[in-house]
Every structure is written in C-alpha cells, then in structure tokens.
Amino acid sequence: MKGFLVVAVACLVTVVSGFPDGAPADTCVKTRFNQPNHGAARSQDLKTSPFRVVASGNTFSPGSQIQVDVAGQDVFRGFFLQARDAQTNEWVGEWVESANTKTIPECSAVTHADNKDKERATFVWTAPKDRQGQVYFTATLVKNYGTFWANQVADVPTARHLG
C-alpha cells in the first residue's frame with residue numbers, strides 16, 4: 001500500500017508540473033530546486049536576465065511586511081518567489097495571496113496562477129510573528145517553456161542621504 005501511495009503521488013506531481021497554473025510545491029525540494037520542471041530546458045545565465053527583482057527591505061521584525069517588485073524589458077509568463085532567512089537559509093514567513101497568484105506555504109513561496117503575459121508584478125511578504133532578522137528573496141522568472149532564469153536574488157536599494 002505504501003509503495004502504491006508513493007507511485008500515485010509521483011504521478012500526480014508529474015501531471016501537475018505540466019500545467020501552466022503555477023509551480024507545484026515540490027519545486028522547493030527537488031534536485032534542481034526553485035527551477036521549473038521543463039524537460040531538458042535549463043536556466044539561462046542570470047547576467048542575461050531582462051528582469052529586475054527589487055525588495056523594499058531585507059530586515060524584518062515580528063509581523064512586518066516587505067514588498068517585492070518584478071519588472072523588466074520583456075514580459076514573463078510565470079514566476080516563483082521564495083523567502084529565506086539570511087542567517088539560517090530556512091524558508092521563512094508567508095506571502096499575501098493576490099489576484100492571479102497562489103501561495104505555497106510549505107516553503108514560503110508564491111507562484112503564478114495563470115500563464116498570461118505579465119509586464120510587472122508586486123508581491124507582499126509577511127514576516128513570522130515570533131521572530132526578527134534578515135531575509136532574502138529568490139525569484140525564478142519564466143519567459144516561455146524553454147527560457148527562464150532561476151535563483152535571481154532580489155536587489156535591496158540603499159537609502160540615499162541628502163546632505
């Protein structure tokens with residue numbers, strides 16, 4: 001019975017990963033984690049990414065929120081954003097679900113809920129209520145089935161001092 005359950009779950013994951021409605025939860029833990037299961041396609045060199053991922057901050061206090069924006073010189077169809085504690089590398093916090101997104105709370109991630117062209121997107125991450133620290137955000141952005149950029153780390157602008 002246990003073997004049947006493993007095979008059934010594996011088949012379900014294979015079917016789900018082929019749909020254009022977002023990354024499955026196993027994206028967080030598979031061998032090439034944070035990358036779409038697109039056959040032989042591999043991530044493009046991050047230096048060629050036409051997208052910019054920007055977080056409004058990287059320090060958090062209990063329950064605080066950080067905004068993460070994605071935009072670029074091209075449209076994207078899919079995305080997978082994840083939040084990690086900068087000290088422990090653990091998944092941390094949760095995303096506010098918004099239109100055309102779905103959250104994956106098991107690994108502090110948010111993904112697309114459709115495969116329509118997107119010019120930009122804004123996401124809100126909420127820190128855990130019981131801790132503070134530093135966080136970083138990684139994004140995988142999908143232009144089409146064979147063209148994507150994985151593990152792009154969000155920039156955090158530094159404040160400019162006028163003087």
# chains A, B, ... in the order shown; residues from 1 in each chain; ligands from 1
>>> residues_around(residues="region 149-157 of chain A", least_positions_apart="6", cutoff="12 Å", atoms="only C-alpha atoms", output="ChimeraX atom specification")
/A:27-28,32-37,41-59,66-71,76,78-84,86,134-143
>>> residues_around(residues="Asn100 (chain A)", least_positions_apart="2", cutoff="12 Å", atoms="only C-alpha atoms", output="VMD selection string")
chain A and resid 20 to 22 77 to 79 96 to 98 102 to 103 110 to 118 121 to 123
>>> atom_distance(atom1="CA of Thr88 (chain A)", atom2="CA of Ile104 (chain A)")
19.8 Å
